[in-house]
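> After the structure tokens below, expect a handful of questions from me.
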Amino acid sequence: MELVRLVAFTAELDAVVQLANERAVVFRCANADTVVVAASMSGRLTNSLGVWLEVNEEYRAQLAARDVATLAAVVPLGHVVIAASSLSEEHADVVRALLTNDEVNFTNAVVSLVGAFNRPAPPSPVTVWSYDGQHLVSGDQVLSPARVETSDAGELTYFT
């Protein structure tokens with residue numbers, strides 16, 4: 001499997017849409033809110049999109065899960081990468097747990113959720129990855145950066 005991270009500026013949005021329609025990309029906006037910019041692609045995407053989200057003290061995994069569920073209702077969303085300065089796998093577990101219609105009772109090193117809901121769940125399954133600064137991890141799948149290149153849309157990092 002290969003995932004391609006695309007880091008782009010809002011000025012390149014047309015090129016981002018074109019590239020996203022040609023291949024599966026995980027998009028991160030370099031100068032604006034990634035979720036808002038990805039949502040602005042609604043109606044223009046013919047391929048599934050992924051988003052790369054950075055969680056921290058101000059933008060916690062619970063908020064990222066809310067944004068992912070909302071975004072999945074607006075654009076075809078296939079992947080989300082959760083990056084954090086530490087405990088990225090635990091943050092990704094929180095997002096994964098909250099992408100269901102079920103009541104969530106969950107505790108790990110970053111959060112304790114009791115009786116939490118994040119409805120509705122995305123209309124199609126979203127694969128949640130964690131990024132530890134080097135590898136993308138989802139379950140038993142581990143992808144490593146293979147190469148970096150520049151396109152009209154932005155910087156592409158290929159994970160294989």
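Starting from 1 in every chain, residues are counted up; chains themselves are A, B, ... following the order of the structure tokens, and ligands are numbered from 1 as listed.
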At a cut-off of 6 Å, using only C-alpha atoms, what residues contact Gly78 of chain A? Leave out same-chain residues fewer than 2 positions from it and give the result as a list in words.
Ser48, Leu49, Gly50 and Val126 of chain A
> Tell me which protein, DNA and RNA residues are within 9 Å of Gln134 of chain A, counting only C-alpha atoms, leaving out same-chain ones fewer than 4 positions away, and put them as a VMD selection string.
chain A and resid 143 to 145
> Counting only C-alpha atoms, what is within 12 Å of His135 of chain A, bar same-chain residues fewer than 4 positions away, as number ranges by chain?
A: 3, 81-83, 88-89, 129-131, 141-146, 157-160
> Could you give me, as JSON lines, every segment 62-82 of chain A residue with an atom at most 12 Å from segment 5-18 of chain A, plus its closest atom pair and distance in Å to one decimal, counting only C-alpha atoms, rows ordered by chain then number?

```
{"residue": "A:Val75", "atom": "CA", "partner": "A:Val17", "partner_atom": "CA", "distance": 11.7}
{"residue": "A:His79", "atom": "CA", "partner": "A:Arg5", "partner_atom": "CA", "distance": 10.8}
{"residue": "A:Val80", "atom": "CA", "partner": "A:Arg5", "partner_atom": "CA", "distance": 10.6}
{"residue": "A:Val81", "atom": "CA", "partner": "A:Arg5", "partner_atom": "CA", "distance": 9.4}
```
> Do a neighbour search on Leu63 of chain A at 10 Å with only C-alpha atoms, toss out local chain neighbours closer than 4 positions, and write the hits as a ChimeraX atom specification.
/A:55,58-59,67-69,95,98,118
> Run DSSP on the backbone and give me the residues of chain A it puts in helix (DSSP H, G or I), as a PyMOL selection string.
chain A and resi 10-22+34-39+61-74+88-97
> Would you mind listing what lies within 12 Å of Leu77 of chain A as a ChimeraX atom specification, with only C-alpha atoms counted and same-chain residues fewer than 5 positions away left out?
/A:20,24-27,35,38-39,41-42,45-52,67-72,122-128
> Could you save those same residues with N, CA and C atoms as a compact mmCIF listing (two decimals), in the first residue's frame?

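Result saved to out-v2.txt:
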```txt
# COMPACT_ATOMS: atom_id res chain seq x y z
N ALA A 20 -5.73 15.21 -6.43
CA ALA A 20 -6.55 14.32 -5.60
C ALA A 20 -7.48 13.46 -6.45
N ALA A 24 -4.84 8.84 -4.81
CA ALA A 24 -5.23 8.99 -3.40
C ALA A 24 -4.17 9.82 -2.68
N VAL A 25 -4.58 10.93 -2.09
CA VAL A 25 -3.67 11.76 -1.33
C VAL A 25 -4.23 12.02 0.06
N VAL A 26 -3.33 12.27 0.98
CA VAL A 26 -3.67 12.71 2.32
C VAL A 26 -3.23 14.17 2.38
N PHE A 27 -4.20 15.07 2.43
CA PHE A 27 -3.97 16.50 2.27
C PHE A 27 -3.74 17.20 3.61
N VAL A 35 -9.24 21.06 7.51
CA VAL A 35 -10.61 20.56 7.39
C VAL A 35 -11.47 21.53 6.59
N ALA A 38 -10.38 21.36 2.93
CA ALA A 38 -10.83 20.09 2.34
C ALA A 38 -12.33 20.13 2.08
N ALA A 39 -13.10 20.70 2.99
CA ALA A 39 -14.55 20.80 2.80
C ALA A 39 -14.89 21.67 1.60
N MET A 41 -13.59 21.59 -1.13
CA MET A 41 -13.46 20.79 -2.35
C MET A 41 -14.73 20.00 -2.66
N SER A 42 -15.73 20.11 -1.81
CA SER A 42 -16.99 19.39 -2.00
C SER A 42 -17.54 19.63 -3.40
N LEU A 45 -14.50 16.64 -6.11
CA LEU A 45 -13.68 15.43 -5.98
C LEU A 45 -14.37 14.22 -6.61
N THR A 46 -13.62 13.48 -7.41
CA THR A 46 -14.13 12.23 -7.97
C THR A 46 -13.45 11.03 -7.33
N ASN A 47 -12.47 11.29 -6.49
CA ASN A 47 -11.71 10.26 -5.82
C ASN A 47 -11.79 10.52 -4.31
N SER A 48 -11.53 9.50 -3.54
CA SER A 48 -11.52 9.64 -2.10
C SER A 48 -10.33 10.50 -1.66
N LEU A 49 -10.56 11.36 -0.70
CA LEU A 49 -9.53 12.25 -0.16
C LEU A 49 -9.14 11.77 1.23
N GLY A 50 -7.94 12.09 1.62
CA GLY A 50 -7.50 11.88 2.99
C GLY A 50 -7.08 13.22 3.57
N VAL A 51 -7.06 13.35 4.89
CA VAL A 51 -6.59 14.57 5.53
C VAL A 51 -5.55 14.23 6.58
N TRP A 52 -4.62 15.15 6.76
CA TRP A 52 -3.53 15.04 7.73
C TRP A 52 -3.80 16.09 8.80
N ASP A 67 -14.45 16.79 13.59
CA ASP A 67 -14.19 17.36 12.28
C ASP A 67 -14.14 16.29 11.19
N VAL A 68 -13.56 15.16 11.49
CA VAL A 68 -13.48 14.06 10.52
C VAL A 68 -14.89 13.55 10.19
N ALA A 69 -15.71 13.35 11.20
CA ALA A 69 -17.07 12.87 10.96
C ALA A 69 -17.86 13.88 10.11
N THR A 70 -17.70 15.16 10.40
CA THR A 70 -18.39 16.20 9.62
C THR A 70 -17.85 16.25 8.20
N LEU A 71 -16.54 16.23 8.06
CA LEU A 71 -15.92 16.28 6.73
C LEU A 71 -16.34 15.09 5.88
N ALA A 72 -16.44 13.91 6.49
CA ALA A 72 -16.82 12.70 5.76
C ALA A 72 -18.24 12.81 5.19
N PRO A 122 -19.15 8.48 10.01
CA PRO A 122 -18.94 8.71 8.58
C PRO A 122 -19.75 7.70 7.75
N PRO A 123 -20.24 8.13 6.58
CA PRO A 123 -21.05 7.23 5.75
C PRO A 123 -20.27 6.04 5.21
N SER A 124 -18.96 6.17 5.09
CA SER A 124 -18.08 5.08 4.65
C SER A 124 -16.95 4.96 5.65
N PRO A 125 -16.39 3.77 5.81
CA PRO A 125 -15.28 3.61 6.76
C PRO A 125 -14.11 4.54 6.43
N VAL A 126 -13.52 5.12 7.47
CA VAL A 126 -12.34 5.97 7.34
C VAL A 126 -11.20 5.26 8.07
N THR A 127 -10.10 5.06 7.38
CA THR A 127 -8.94 4.45 8.00
C THR A 127 -8.17 5.53 8.75
N VAL A 128 -7.94 5.30 10.04
CA VAL A 128 -7.24 6.26 10.89
C VAL A 128 -5.81 5.77 11.09
```
> Would you mind writing down, as an MDAnalysis selection string, each residue of chain A that DSSP on the backbone assigns to strand (DSSP E or B)?
chainID A and resid 3:8 25:29 49:54 77:83 104:107 112:116 127:131 136:138 141:143 145:150 155:159
> Using only C-alpha atoms, which of the listed residues (A:Gly133, A:Gly154, A:Gly43, A:Gly115) sits closest to Ala84 of chain A?
A:Gly133
> Identify, on the basis of only C-alpha atoms, every residue whose closest approach to Phe106 of chain A does not exceed 8 Å; exclude the query and any residue fewer than 5 positions from it along the same chain; express the result as a PyMOL selection string.
chain A and resi 94+97+111-114
> Can you measure atom CA of Val104 of chain A to atom CA of Phe117 of chain A for me? One decimal in Å is fine.
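About the pair atom CA of Val104 of chain A and atom CA of Phe117 of chain A: they are 6.2 Å apart.
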